[in-house]
file entry.cif (mmCIF, C-alpha atoms and all ligand atoms)
data_upload
loop_
_atom_site.label_atom_id
_atom_site.label_comp_id
_atom_site.auth_asym_id
_atom_site.auth_seq_id
_atom_site.Cartn_x
_atom_site.Cartn_y
_atom_site.Cartn_z
CA MET A 1 -13.64 22.72 59.61
CA LYS A 2 -13.31 24.92 56.55
CA ILE A 3 -9.87 24.73 54.97
CA ILE A 4 -8.83 27.94 53.30
CA ILE A 5 -6.15 27.39 50.69
CA LYS A 6 -3.96 30.32 49.86
CA SER A 7 -0.71 30.65 47.99
CA ASN A 8 2.19 29.40 50.15
CA ASP A 9 3.94 32.08 52.21
CA ASN A 10 7.38 30.90 51.13
CA LEU A 11 6.65 31.95 47.54
CA LYS A 12 7.49 35.62 47.99
CA THR A 13 9.25 36.66 44.81
CA GLY A 14 10.59 40.14 45.59
CA GLU A 15 13.44 39.06 47.88
CA ASN A 16 16.92 37.49 47.63
CA ASN A 17 17.30 38.78 44.09
CA PHE A 18 15.06 35.98 42.88
CA PRO A 19 15.56 34.52 40.30
CA ASN A 20 19.22 34.22 41.19
CA PHE A 21 20.08 31.98 38.23
CA PRO A 22 20.51 32.75 34.49
CA ILE A 23 17.16 33.53 32.87
CA GLU A 24 15.69 34.89 29.65
CA VAL A 25 12.25 35.93 28.44
CA VAL A 26 10.50 33.86 25.76
CA THR A 27 7.21 34.33 23.94
CA GLU A 28 4.81 31.47 23.36
CA GLY A 29 1.46 32.25 21.77
CA THR A 30 0.80 35.76 23.03
CA THR A 31 2.41 35.22 26.45
CA LEU A 32 5.80 36.43 27.68
CA ILE A 33 7.44 34.16 30.24
CA ILE A 34 10.68 34.19 32.22
CA VAL A 35 12.44 30.86 31.81
CA PRO A 36 15.88 29.55 32.78
CA LYS A 37 18.44 30.39 30.11
CA LEU A 38 19.03 26.82 28.98
CA GLU A 39 22.36 27.32 27.24
CA ALA A 40 23.85 28.35 30.62
CA TYR A 41 23.26 24.86 32.02
CA VAL A 42 24.86 22.60 29.44
CA GLU A 43 28.53 21.93 28.94
CA LYS A 44 28.23 19.37 26.16
CA THR A 45 25.90 19.80 23.18
CA TRP A 46 24.27 16.40 23.77
CA GLU A 47 23.28 17.20 27.37
CA TYR A 48 19.55 17.58 28.01
CA ALA A 49 19.31 21.18 29.19
CA PRO A 50 15.73 21.25 30.61
CA SER A 51 16.56 18.80 33.40
CA LYS A 52 19.88 20.52 34.25
CA ALA A 53 18.29 23.91 34.87
CA PRO A 54 17.07 24.79 38.39
CA VAL A 55 13.51 25.11 37.02
CA PHE A 56 12.13 22.89 34.30
CA TYR A 57 11.38 24.43 30.92
CA ASN A 58 11.38 22.58 27.61
CA PRO A 59 11.04 24.77 24.50
CA THR A 60 10.32 21.74 22.29
CA MET A 61 7.04 21.25 24.18
CA GLU A 62 5.67 24.50 22.75
CA LEU A 63 3.53 22.53 20.28
CA ASN A 64 2.18 20.43 23.16
CA ARG A 65 1.19 23.62 24.98
CA ASP A 66 -0.22 25.27 21.82
CA ILE A 67 -2.47 22.25 21.29
CA ALA A 68 -3.49 22.32 24.95
CA VAL A 69 -4.61 25.95 24.50
CA LEU A 70 -6.74 24.90 21.51
CA ALA A 71 -8.22 21.89 23.30
CA LEU A 72 -9.03 23.87 26.44
CA GLN A 73 -10.68 26.68 24.45
CA THR A 74 -12.69 24.13 22.49
CA TYR A 75 -13.77 22.42 25.69
CA GLN A 76 -14.71 25.76 27.30
CA ARG A 77 -16.75 26.85 24.27
CA THR A 78 -18.56 23.51 24.15
CA ALA A 79 -19.25 23.61 27.90
CA ASP A 80 -20.35 27.26 27.49
CA LYS A 81 -19.47 28.32 31.03
CA GLU A 82 -16.63 29.77 33.10
CA ILE A 83 -14.17 27.00 33.94
CA SER A 84 -11.58 26.23 36.60
CA VAL A 85 -8.18 24.76 35.73
CA CYS A 86 -5.41 22.95 37.62
CA GLU A 87 -1.89 22.30 36.42
CA PRO A 88 -0.30 20.28 39.26
CA LEU A 89 3.20 19.94 37.68
CA THR A 90 3.85 23.34 36.18
CA GLY A 91 7.61 23.99 36.07
CA CYS A 92 8.04 27.71 35.33
CA GLY A 93 4.26 28.13 34.98
CA ILE A 94 4.24 28.62 31.23
CA ARG A 95 1.34 26.26 30.50
CA GLY A 96 -1.06 27.46 33.18
CA ILE A 97 -0.24 31.11 32.58
CA ARG A 98 -0.85 30.66 28.87
CA PHE A 99 -4.26 29.17 29.72
CA ALA A 100 -5.06 32.22 31.86
CA ARG A 101 -4.00 34.68 29.16
CA GLU A 102 -4.96 32.92 25.94
CA VAL A 103 -8.12 30.95 26.73
CA ASN A 104 -11.42 32.80 27.14
CA GLY A 105 -13.74 31.80 29.95
CA VAL A 106 -11.08 30.57 32.39
CA GLN A 107 -12.17 31.82 35.78
CA LYS A 108 -9.36 30.55 38.00
CA ILE A 109 -6.21 28.51 37.67
CA VAL A 110 -4.11 26.71 40.24
CA VAL A 111 -0.54 25.94 39.18
CA ASN A 112 1.77 23.93 41.39
CA ASP A 113 5.25 22.51 41.54
CA ILE A 114 7.09 20.60 44.26
CA ASN A 115 10.30 22.47 43.38
CA LEU A 116 10.33 25.72 45.37
CA LYS A 117 12.32 27.59 42.71
CA ALA A 118 9.82 26.51 40.05
CA ALA A 119 6.84 27.64 42.14
CA LYS A 120 8.53 30.98 42.83
CA LEU A 121 9.25 31.51 39.15
CA ALA A 122 5.66 30.57 38.26
CA LYS A 123 4.43 33.13 40.79
CA LEU A 124 6.73 35.80 39.36
CA ASN A 125 5.49 34.97 35.86
CA ALA A 126 1.86 35.22 36.99
CA GLU A 127 2.56 38.62 38.58
CA ARG A 128 4.42 39.94 35.53
CA ASN A 129 1.45 38.92 33.39
CA LYS A 130 -0.89 40.74 35.82
CA LEU A 131 -2.61 37.48 36.66
CA ALA A 132 -1.96 37.34 40.41
CA GLU A 133 -5.74 37.53 41.02
CA ARG A 134 -6.66 34.59 38.85
CA VAL A 135 -3.59 32.35 39.08
CA LEU A 136 -2.94 30.73 42.45
CA VAL A 137 0.55 29.23 42.78
CA MET A 138 1.24 26.34 45.14
CA ASN A 139 4.38 24.48 46.18
CA GLU A 140 3.60 20.92 47.24
CA ASP A 141 3.28 17.36 46.04
CA ALA A 142 0.86 17.10 43.10
CA ASN A 143 -1.10 14.22 44.64
CA LEU A 144 -1.53 16.09 47.91
CA LEU A 145 -2.77 19.15 46.06
CA LEU A 146 -5.20 17.21 43.88
CA SER A 147 -6.54 15.22 46.83
CA ARG A 148 -7.40 18.43 48.63
CA TYR A 149 -9.60 19.40 45.71
CA ALA A 150 -11.36 16.04 45.45
CA ALA A 151 -14.42 17.14 47.45
CA PRO A 152 -17.69 18.16 45.74
CA ARG A 153 -17.79 21.80 44.61
CA LYS A 154 -14.00 22.05 44.88
CA ARG A 155 -13.22 20.04 41.81
CA TYR A 156 -11.82 21.35 38.54
CA ASP A 157 -13.23 21.45 35.03
CA TYR A 158 -9.82 20.83 33.49
CA ILE A 159 -6.68 19.19 34.86
CA ASP A 160 -3.46 19.06 32.86
CA VAL A 161 -0.98 16.41 34.02
CA ASP A 162 2.33 17.03 32.27
CA PRO A 163 4.98 15.21 34.31
CA PHE A 164 8.47 13.80 33.82
CA GLY A 165 7.86 10.37 32.29
CA SER A 166 4.61 8.69 33.22
CA PRO A 167 1.37 10.36 34.37
CA ALA A 168 0.25 7.05 35.95
CA PRO A 169 1.17 8.02 39.56
CA TYR A 170 -1.20 11.00 39.34
CA LEU A 171 -4.21 9.38 37.67
CA ASP A 172 -6.17 8.44 40.79
CA SER A 173 -5.96 11.87 42.37
CA ALA A 174 -6.56 13.66 39.05
CA VAL A 175 -9.71 11.61 38.38
CA ARG A 176 -10.97 12.36 41.90
CA ALA A 177 -10.30 16.10 41.54
CA LEU A 178 -12.09 16.36 38.19
CA ARG A 179 -15.66 17.59 38.02
CA HIS A 180 -18.37 15.47 36.35
CA GLY A 181 -17.88 16.00 32.60
CA GLY A 182 -14.46 17.61 33.18
CA LEU A 183 -11.56 17.29 30.75
CA LEU A 184 -8.33 15.54 31.75
CA ALA A 185 -5.16 16.05 29.67
CA LEU A 186 -2.27 13.62 30.07
CA THR A 187 1.26 13.69 28.67
CA ALA A 188 3.43 10.55 28.75
CA THR A 189 7.09 10.84 27.75
CA ASP A 190 8.04 7.32 28.85
CA LEU A 191 7.80 5.86 25.38
CA ALA A 192 10.39 3.15 26.03
CA PRO A 193 7.96 1.29 28.32
CA LEU A 194 4.84 2.22 26.31
CA CYS A 195 6.32 1.23 22.95
CA GLY A 196 7.60 -2.11 24.18
CA VAL A 197 11.33 -1.48 24.72
CA HIS A 198 10.83 -2.03 28.46
CA PRO A 199 7.64 -4.13 28.61
CA LYS A 200 7.91 -4.91 32.33
CA ALA A 201 7.88 -1.18 33.17
CA CYS A 202 4.77 -0.77 31.01
CA VAL A 203 2.95 -3.56 32.85
CA ARG A 204 3.97 -1.99 36.17
CA LYS A 205 2.88 1.52 35.30
CA TYR A 206 -0.02 1.02 32.91
CA GLY A 207 -1.27 -2.48 33.75
CA GLY A 208 -0.99 -3.58 30.12
CA ARG A 209 1.49 -5.30 27.84
CA PRO A 210 3.02 -3.27 24.98
CA LEU A 211 4.33 -4.64 21.67
CA ARG A 212 7.13 -3.33 19.44
CA THR A 213 5.01 -3.27 16.30
CA GLY A 214 5.04 -0.71 13.47
CA TYR A 215 2.01 0.89 15.19
CA CYS A 216 3.47 0.90 18.71
CA HIS A 217 2.72 4.62 19.18
CA GLU A 218 -0.98 3.96 18.72
CA LEU A 219 -0.70 1.07 21.18
CA ALA A 220 0.99 3.51 23.58
CA VAL A 221 -2.01 5.87 23.44
CA ARG A 222 -4.39 2.92 23.88
CA LEU A 223 -2.42 1.62 26.88
CA LEU A 224 -2.50 5.07 28.47
CA VAL A 225 -6.26 5.50 27.89
CA GLY A 226 -6.77 1.92 29.08
CA CYS A 227 -4.95 2.68 32.31
CA LEU A 228 -7.04 5.83 32.75
CA THR A 229 -10.24 3.84 32.06
CA MET A 230 -9.48 1.25 34.74
CA THR A 231 -8.42 3.96 37.20
CA ALA A 232 -11.63 5.93 36.55
CA ALA A 233 -13.64 2.70 36.89
CA LYS A 234 -12.46 2.31 40.50
CA HIS A 235 -14.10 5.66 41.20
CA GLU A 236 -17.24 4.71 39.21
CA LYS A 237 -16.36 7.07 36.38
CA GLY A 238 -16.31 6.58 32.62
CA VAL A 239 -13.99 7.95 29.97
CA GLU A 240 -14.59 9.54 26.56
CA THR A 241 -11.45 10.38 24.56
CA MET A 242 -11.71 13.62 22.61
CA PHE A 243 -8.26 13.96 21.12
CA SER A 244 -4.87 12.21 21.21
CA HIS A 245 -1.59 12.74 19.45
CA SER A 246 1.87 11.26 19.25
CA THR A 247 4.49 13.93 18.62
CA ASP A 248 8.29 13.90 18.91
CA HIS A 249 9.18 12.09 22.15
CA TYR A 250 5.76 11.93 23.81
CA ILE A 251 2.10 10.99 23.54
CA ARG A 252 -0.80 13.04 24.76
CA THR A 253 -4.49 12.37 25.32
CA TYR A 254 -7.52 14.47 26.28
CA ALA A 255 -10.44 12.64 27.86
CA VAL A 256 -13.77 13.76 29.30
CA VAL A 257 -14.52 11.90 32.52
CA HIS A 258 -18.18 11.19 33.34
CA ARG A 259 -19.52 10.20 36.75
CA GLY A 260 -21.59 7.04 37.32
CA ALA A 261 -21.31 3.25 37.46
CA LYS A 262 -23.14 2.92 34.11
CA GLN A 263 -20.68 5.27 32.41
CA SER A 264 -17.88 3.32 33.97
CA ASP A 265 -19.25 -0.06 32.79
CA LYS A 266 -19.70 1.37 29.28
CA SER A 267 -16.04 2.38 29.22
CA VAL A 268 -14.76 -0.93 30.61
CA LEU A 269 -16.61 -2.67 27.74
CA LYS A 270 -14.27 -0.83 25.37
CA MET A 271 -11.22 -2.48 26.89
CA GLY A 272 -9.58 -5.41 25.13
CA TYR A 273 -6.47 -6.74 23.42
CA ILE A 274 -4.73 -6.45 20.06
CA LEU A 275 -3.28 -9.69 18.69
CA HIS A 276 -0.36 -9.29 16.34
CA CYS A 277 1.55 -11.69 14.09
CA PHE A 278 5.17 -10.62 13.61
CA ALA A 279 5.56 -13.17 10.79
CA CYS A 280 2.86 -11.84 8.42
CA PHE A 281 1.65 -8.47 9.89
CA HIS A 282 -1.86 -9.83 10.52
CA ARG A 283 -3.56 -8.16 13.49
CA GLU A 284 -6.96 -8.45 15.10
CA VAL A 285 -8.78 -7.14 18.14
CA SER A 286 -10.18 -9.18 21.00
CA LYS A 287 -12.82 -7.38 23.08
CA GLY A 288 -13.23 -7.75 26.82
CA ILE A 289 -11.06 -7.41 29.88
CA PHE A 290 -10.08 -11.11 30.01
CA PRO A 291 -7.13 -12.29 27.90
CA PRO A 292 -8.03 -14.06 24.63
CA TRP A 293 -7.49 -17.82 24.32
CA LYS A 294 -6.65 -17.60 20.67
CA ARG A 295 -2.91 -17.52 20.06
CA GLU A 296 -2.53 -18.74 16.45
CA CYS A 297 -2.49 -16.48 13.39
CA THR A 298 -5.43 -17.19 11.04
CA GLU A 299 -3.37 -16.03 8.05
CA CYS A 300 -0.14 -17.97 8.50
CA GLY A 301 -0.44 -20.19 11.59
CA SER A 302 2.41 -18.47 13.49
CA LYS A 303 2.22 -17.52 17.14
CA LEU A 304 0.15 -14.41 17.86
CA ASN A 305 1.55 -11.84 20.30
CA VAL A 306 -0.80 -10.01 22.61
CA ALA A 307 -0.87 -6.32 23.58
CA GLY A 308 -3.13 -5.16 26.40
CA PRO A 309 -5.42 -4.90 28.16
CA LEU A 310 -5.84 -1.56 26.43
CA TRP A 311 -8.50 0.82 25.16
CA LEU A 312 -10.18 -0.25 21.90
CA GLY A 313 -12.64 2.66 21.71
CA LYS A 314 -12.11 5.87 19.79
CA ILE A 315 -9.04 7.94 20.59
CA PHE A 316 -10.14 11.01 18.62
CA ASP A 317 -13.46 12.83 18.31
CA LYS A 318 -13.83 14.22 14.78
CA GLU A 319 -16.12 17.07 15.81
CA PHE A 320 -13.83 18.13 18.67
CA CYS A 321 -10.81 18.16 16.31
CA ALA A 322 -12.74 20.28 13.78
CA LEU A 323 -13.56 22.81 16.52
CA MET A 324 -9.91 22.81 17.63
CA ALA A 325 -8.85 23.67 14.07
CA GLU A 326 -11.28 26.62 14.08
CA GLU A 327 -9.48 27.99 17.14
CA VAL A 328 -6.05 28.19 15.47
CA ALA A 329 -6.37 31.51 13.59
CA GLY A 330 -5.10 34.71 15.23
CA ARG A 331 -3.28 33.04 18.13
CA ASN A 332 0.32 33.52 17.02
CA LEU A 333 1.04 29.83 17.52
CA GLY A 334 4.66 28.95 16.81
CA ARG A 335 3.81 25.77 14.90
CA GLU A 336 0.54 26.79 13.26
CA LYS A 337 1.11 24.90 9.99
CA ARG A 338 2.20 21.74 11.77
CA ILE A 339 -0.82 21.89 14.08
CA LEU A 340 -3.27 22.36 11.19
CA LYS A 341 -1.71 19.42 9.37
CA LEU A 342 -1.92 17.27 12.50
CA LEU A 343 -5.58 18.19 13.07
CA SER A 344 -6.43 17.48 9.45
CA LEU A 345 -4.78 14.04 9.58
CA VAL A 346 -6.44 13.19 12.88
CA ARG A 347 -9.87 14.09 11.47
CA LYS A 348 -9.26 11.71 8.57
CA GLU A 349 -8.25 8.82 10.80
CA ALA A 350 -10.78 9.46 13.60
CA ASP A 351 -13.33 6.87 12.44
CA ALA A 352 -10.94 4.48 10.66
CA PRO A 353 -10.07 0.95 11.85
CA VAL A 354 -7.89 0.30 14.91
CA THR A 355 -4.13 -0.02 14.05
CA TYR A 356 -2.36 0.95 10.83
CA TYR A 357 0.12 -0.70 8.49
CA ALA A 358 3.61 0.84 8.55
CA MET A 359 4.66 0.55 4.90
CA ASP A 360 8.38 0.85 5.68
CA LYS A 361 8.23 -2.12 8.07
CA ILE A 362 6.40 -4.26 5.52
CA CYS A 363 8.73 -3.26 2.68
CA ASP A 364 11.78 -3.92 4.85
CA LYS A 365 10.59 -7.43 5.55
CA LEU A 366 9.61 -8.13 1.92
CA ASN A 367 12.78 -6.45 0.66
CA LEU A 368 10.84 -4.04 -1.55
CA ARG A 369 11.15 -0.32 -2.21
CA ILE A 370 8.37 1.69 -0.54
CA PRO A 371 5.65 2.65 -3.05
CA PRO A 372 4.05 6.12 -2.79
CA LEU A 373 1.53 6.31 0.05
CA THR A 374 -1.22 7.98 -2.02
CA LYS A 375 -0.91 5.38 -4.78
CA THR A 376 -1.17 2.54 -2.27
CA MET A 377 -4.24 4.12 -0.69
CA ASP A 378 -5.83 4.65 -4.15
CA GLU A 379 -5.29 0.97 -4.95
CA LEU A 380 -6.82 -0.11 -1.66
CA ARG A 381 -9.84 2.15 -2.21
CA GLY A 382 -10.12 0.89 -5.79
CA ALA A 383 -10.33 -2.63 -4.41
CA GLY A 384 -13.25 -1.54 -2.19
CA PHE A 385 -11.42 -0.94 1.10
CA GLN A 386 -11.25 2.05 3.37
CA ALA A 387 -7.76 3.65 3.33
CA VAL A 388 -6.63 6.79 5.14
CA PRO A 389 -3.29 8.17 6.36
CA THR A 390 -2.43 8.50 10.04
CA HIS A 391 -0.73 11.24 12.02
CA PHE A 392 1.14 8.52 13.96
CA ASN A 393 3.39 7.65 11.03
CA SER A 394 3.91 9.41 7.70
CA ARG A 395 4.25 5.96 6.11
CA GLY A 396 1.22 4.47 7.85
CA ILE A 397 -2.13 3.49 6.32
CA ARG A 398 -5.31 2.69 8.22
CA THR A 399 -7.41 0.25 6.27
CA ASP A 400 -9.92 -2.54 6.73
CA ALA A 401 -7.99 -4.64 4.19
CA SER A 402 -6.18 -7.72 5.49
CA ALA A 403 -2.39 -7.83 5.84
CA LYS A 404 -2.37 -10.25 2.90
CA THR A 405 -4.18 -7.74 0.63
CA VAL A 406 -1.96 -4.86 1.75
CA LYS A 407 1.16 -6.91 0.99
CA GLU A 408 -0.20 -7.96 -2.43
CA ILE A 409 -0.88 -4.34 -3.39
CA ILE A 410 2.50 -3.11 -2.11
CA THR A 411 4.30 -5.91 -3.96
CA ARG A 412 2.46 -5.07 -7.20
CA LEU A 413 3.21 -1.35 -6.90
CA ALA A 414 6.85 -1.92 -6.00
CA ALA A 415 7.45 -4.23 -9.00
C1 LIG B 1 7.77 18.05 32.73
S1 LIG B 1 7.88 19.25 33.98
C2 LIG B 1 6.48 20.25 33.76
C3 LIG B 1 6.46 21.07 32.53
C4 LIG B 1 5.29 22.02 32.41
N1 LIG B 1 4.04 21.33 32.58
C5 LIG B 1 5.34 22.73 31.07
O1 LIG B 1 4.40 22.66 30.26
O2 LIG B 1 6.35 23.43 30.82
C6 LIG B 1 7.45 18.35 35.42
C7 LIG B 1 7.47 19.20 36.67
O3 LIG B 1 6.93 18.42 37.74
C8 LIG B 1 7.57 18.78 38.94
N2 LIG B 1 7.35 17.66 39.88
C9 LIG B 1 7.95 16.46 39.92
N3 LIG B 1 7.39 15.69 40.88
C10 LIG B 1 6.39 16.42 41.43
C11 LIG B 1 5.43 16.16 42.45
N4 LIG B 1 5.38 14.97 43.06
N5 LIG B 1 4.55 17.12 42.76
C12 LIG B 1 4.57 18.32 42.12
N6 LIG B 1 5.48 18.64 41.15
C13 LIG B 1 6.36 17.69 40.81
C14 LIG B 1 9.02 19.01 38.54
O4 LIG B 1 9.67 19.86 39.47
C15 LIG B 1 8.84 19.64 37.14
O5 LIG B 1 8.90 21.03 37.21
ZN ZN B 2 0.60 -14.52 10.59
#
call {"tool": "encode", "arguments": {"input": "entry.cif", "output": "structure tokens"}}
result
Amino acid sequence: MKIIIKSNDNLKTGENNFPNFPIEVVTEGTTLIIVPKLEAYVEKTWEYAPSKAPVFYNPTMELNRDIAVLALQTYQRTADKEISVCEPLTGCGIRGIRFAREVNGVQKIVVNDINLKAAKLAKLNAERNKLAERVLVMNEDANLLLSRYAAPRKRYDYIDVDPFGSPAPYLDSAVRALRHGGLLALTATDLAPLCGVHPKACVRKYGGRPLRTGYCHELAVRLLVGCLTMTAAKHEKGVETMFSHSTDHYIRTYAVVHRGAKQSDKSVLKMGYILHCFACFHREVSKGIFPPWKRECTECGSKLNVAGPLWLGKIFDKEFCALMAEEVAGRNLGREKRILKLLSLVRKEADAPVTYYAMDKICDKLNLRIPPLTKTMDELRGAGFQAVPTHFNSRGIRTDASAKTVKEIITRLAA
């Protein structure tokens, strides 16, 4: 039986004075979108307006969406073909509609939300942008929608999972609905579990243990990619991370998913653990899916703490980031400068060692003032080590020097 999927009948927008709640029109990139008027939904200044409104819209995620436009265009240009896109948790439709308007080579887009009002607003936004032909709006559970597209020739080239909290509940169906060589984008806003404030929740959702280290945001990305890797492995698929970033209250990763048991095995080999000493800042990696036996710090003899299993492979692709930066000009992106700075930092750290030293954490512990970052990096390089900044932390340094050497240099500079 052939299943024909069409936009749900209950999404008619021209009746009942829809939208019958306070709205306004905003511009992101070159797209105009109707969104709920957030100030109408908060009584106290500290209330979180996006989740109080009848349809979700978060203006602070503009940078997240801007970067998604750049990543999708870069992916499309590299693939050099017309692509299909799915945004299964769309809110007011702003992300998917921006893809349709601002990214060349996007043939069709399906946007979906389980909230009827959200789906209706997304449909209205698609119509107002004259995209009704190319943007199909659905109103159902994201996993149901993705599962329907899991069959050969129905799959998508790009899926963007941007949920409340964790993307983990959608990983299986997203991986299944992604075409061979397709790009999967994931947002995770549940940083309390991923950064080790609620470790049990992290184990539950991501199958790995977090640690509250100075580089916990990098661990968060590695736990997310690790979870994706093991999910993809179940479906005999492998993962190649093209770009990741940690910004404001969320982390984000973009990974190409390849079909095949060999690809999958290759990815699983990049899983492992990071061992960390809270007494002296020493850290080391332990490769392989099985937990390491070693639990004693080689530098000071204290107990080593273990994060993982997580992804130890690359979390950025230098070439992909360079192409993303080339896409920035002429797009009217709200945070152009910030994006260019982020892309430049990521290119610098793309091939540098796993984990970074957070200078403020070290100086706090040693009771020292924080020396200038550039000076510390110069000293490290002068001593023959690699030293680069990181976008994860403006006071972070990636280096192959040991914790002992880093502390010696900081102490000297702070004297
Ligand atoms: C963080 S918001 C999406 C924001 C949007 N991606 C953007 O860029 O503005 C998450 C959305 O997922 C929707 N949602 C929650 N659970 C869902 C489910 N199981 N299936 C489909 N949509 C769901 C919510 O109604 C909400 O609109
Ligand atoms: Zn130690």
call {"tool": "atom_distance", "arguments": {"input": "entry.cif", "atom1": "CA of Val103 (chain A)", "atom2": "CA of Gln73 (chain A)"}}
result
5.5 Å
call {"tool": "atom_distance", "arguments": {"input": "entry.cif", "atom1": "CA of Ile362 (chain A)", "atom2": "CA of Pro292 (chain A)"}}
result
25.9 Å
call {"tool": "closest_residue", "arguments": {"input": "entry.cif", "among": "A:Tyr75, A:Phe164, A:Tyr206, A:Tyr273", "to": "Val285 (chain A)", "atoms": "all atoms listed in the file"}}
result
A:Tyr273
call {"tool": "closest_residue", "arguments": {"input": "entry.cif", "among": "A:His391, A:Arg98, A:Arg153, A:Lys361", "to": "Ile410 (chain A)", "atoms": "all atoms listed in the file"}}
result
A:Lys361
call {"tool": "residues_around", "arguments": {"input": "entry.cif", "residues": "Phe281 (chain A)", "least_positions_apart": "3", "cutoff": "12 Å", "atoms": "all atoms listed in the file", "output": "number ranges by chain"}}
result
A: 213-215, 275-278, 284, 297-300, 302-305, 355-359, 361-363, 365-366, 401-407
call {"tool": "write_last_selection", "arguments": {"input": "entry.cif", "atoms": "C-alpha atoms", "output": "CSV table (one decimal), in the frame of the given file"}}
result
chain,number,residue,atom,x,y,z
A,213,THR,CA,5.0,-3.3,16.3
A,214,GLY,CA,5.0,-0.7,13.5
A,215,TYR,CA,2.0,0.9,15.2
A,275,LEU,CA,-3.3,-9.7,18.7
A,276,HIS,CA,-0.4,-9.3,16.3
A,277,CYS,CA,1.6,-11.7,14.1
A,278,PHE,CA,5.2,-10.6,13.6
A,284,GLU,CA,-7.0,-8.4,15.1
A,297,CYS,CA,-2.5,-16.5,13.4
A,298,THR,CA,-5.4,-17.2,11.0
A,299,GLU,CA,-3.4,-16.0,8.0
A,300,CYS,CA,-0.1,-18.0,8.5
A,302,SER,CA,2.4,-18.5,13.5
A,303,LYS,CA,2.2,-17.5,17.1
A,304,LEU,CA,0.2,-14.4,17.9
A,305,ASN,CA,1.6,-11.8,20.3
A,355,THR,CA,-4.1,0.0,14.0
A,356,TYR,CA,-2.4,1.0,10.8
A,357,TYR,CA,0.1,-0.7,8.5
A,358,ALA,CA,3.6,0.8,8.6
A,359,MET,CA,4.7,0.6,4.9
A,361,LYS,CA,8.2,-2.1,8.1
A,362,ILE,CA,6.4,-4.3,5.5
A,363,CYS,CA,8.7,-3.3,2.7
A,365,LYS,CA,10.6,-7.4,5.6
A,366,LEU,CA,9.6,-8.1,1.9
A,401,ALA,CA,-8.0,-4.6,4.2
A,402,SER,CA,-6.2,-7.7,5.5
A,403,ALA,CA,-2.4,-7.8,5.8
A,404,LYS,CA,-2.4,-10.2,2.9
A,405,THR,CA,-4.2,-7.7,0.6
A,406,VAL,CA,-2.0,-4.9,1.8
A,407,LYS,CA,1.2,-6.9,1.0
call {"tool": "residues_around", "arguments": {"input": "entry.cif", "residues": "Ile23 (chain A)", "least_positions_apart": "3", "cutoff": "6 Å", "atoms": "all atoms listed in the file", "output": "ChimeraX atom specification"}}
result
/A:35-37
call {"tool": "atom_distance", "arguments": {"input": "entry.cif", "atom1": "CA of Phe392 (chain A)", "atom2": "CA of Ser246 (chain A)"}}
result
6.0 Å
call {"tool": "decode", "arguments": {"input": "entry.cif", "residues": "region 230-241 of chain A", "atoms": "N, CA and C atoms", "output": "PDB file, in the first residue's frame"}}
result
ATOM      1  N   MET A 230      26.732   5.490  19.351  1.00  0.00           N
ATOM      2  CA  MET A 230      26.246   4.177  19.774  1.00  0.00           C
ATOM      3  C   MET A 230      24.827   3.921  19.245  1.00  0.00           C
ATOM      4  N   THR A 231      24.040   4.992  19.101  1.00  0.00           N
ATOM      5  CA  THR A 231      22.706   4.836  18.506  1.00  0.00           C
ATOM      6  C   THR A 231      22.846   4.458  17.032  1.00  0.00           C
ATOM      7  N   ALA A 232      23.713   5.184  16.321  1.00  0.00           N
ATOM      8  CA  ALA A 232      23.920   4.908  14.890  1.00  0.00           C
ATOM      9  C   ALA A 232      24.471   3.495  14.706  1.00  0.00           C
ATOM     10  N   ALA A 233      25.318   3.060  15.642  1.00  0.00           N
ATOM     11  CA  ALA A 233      25.937   1.726  15.541  1.00  0.00           C
ATOM     12  C   ALA A 233      24.875   0.627  15.529  1.00  0.00           C
ATOM     13  N   LYS A 234      23.812   0.813  16.305  1.00  0.00           N
ATOM     14  CA  LYS A 234      22.733  -0.184  16.333  1.00  0.00           C
ATOM     15  C   LYS A 234      22.130  -0.364  14.948  1.00  0.00           C
ATOM     16  N   HIS A 235      22.164   0.699  14.164  1.00  0.00           N
ATOM     17  CA  HIS A 235      21.579   0.662  12.820  1.00  0.00           C
ATOM     18  C   HIS A 235      22.659   0.462  11.764  1.00  0.00           C
ATOM     19  N   GLU A 236      23.863   0.013  12.214  1.00  0.00           N
ATOM     20  CA  GLU A 236      25.014  -0.205  11.324  1.00  0.00           C
ATOM     21  C   GLU A 236      25.316   1.068  10.529  1.00  0.00           C
ATOM     22  N   LYS A 237      25.450   2.155  11.264  1.00  0.00           N
ATOM     23  CA  LYS A 237      25.821   3.430  10.658  1.00  0.00           C
ATOM     24  C   LYS A 237      26.966   4.055  11.443  1.00  0.00           C
ATOM     25  N   GLY A 238      27.793   4.824  10.735  1.00  0.00           N
ATOM     26  CA  GLY A 238      28.932   5.486  11.378  1.00  0.00           C
ATOM     27  C   GLY A 238      28.747   6.995  11.354  1.00  0.00           C
ATOM     28  N   VAL A 239      29.525   7.672  12.177  1.00  0.00           N
ATOM     29  CA  VAL A 239      29.328   9.104  12.414  1.00  0.00           C
ATOM     30  C   VAL A 239      30.615   9.876  12.120  1.00  0.00           C
ATOM     31  N   GLU A 240      30.464  11.031  11.468  1.00  0.00           N
ATOM     32  CA  GLU A 240      31.618  11.909  11.218  1.00  0.00           C
ATOM     33  C   GLU A 240      31.201  13.329  11.600  1.00  0.00           C
ATOM     34  N   THR A 241      31.782  13.864  12.666  1.00  0.00           N
ATOM     35  CA  THR A 241      31.341  15.176  13.162  1.00  0.00           C
ATOM     36  C   THR A 241      31.978  16.294  12.346  1.00  0.00           C
TER      37      THR A 241
END
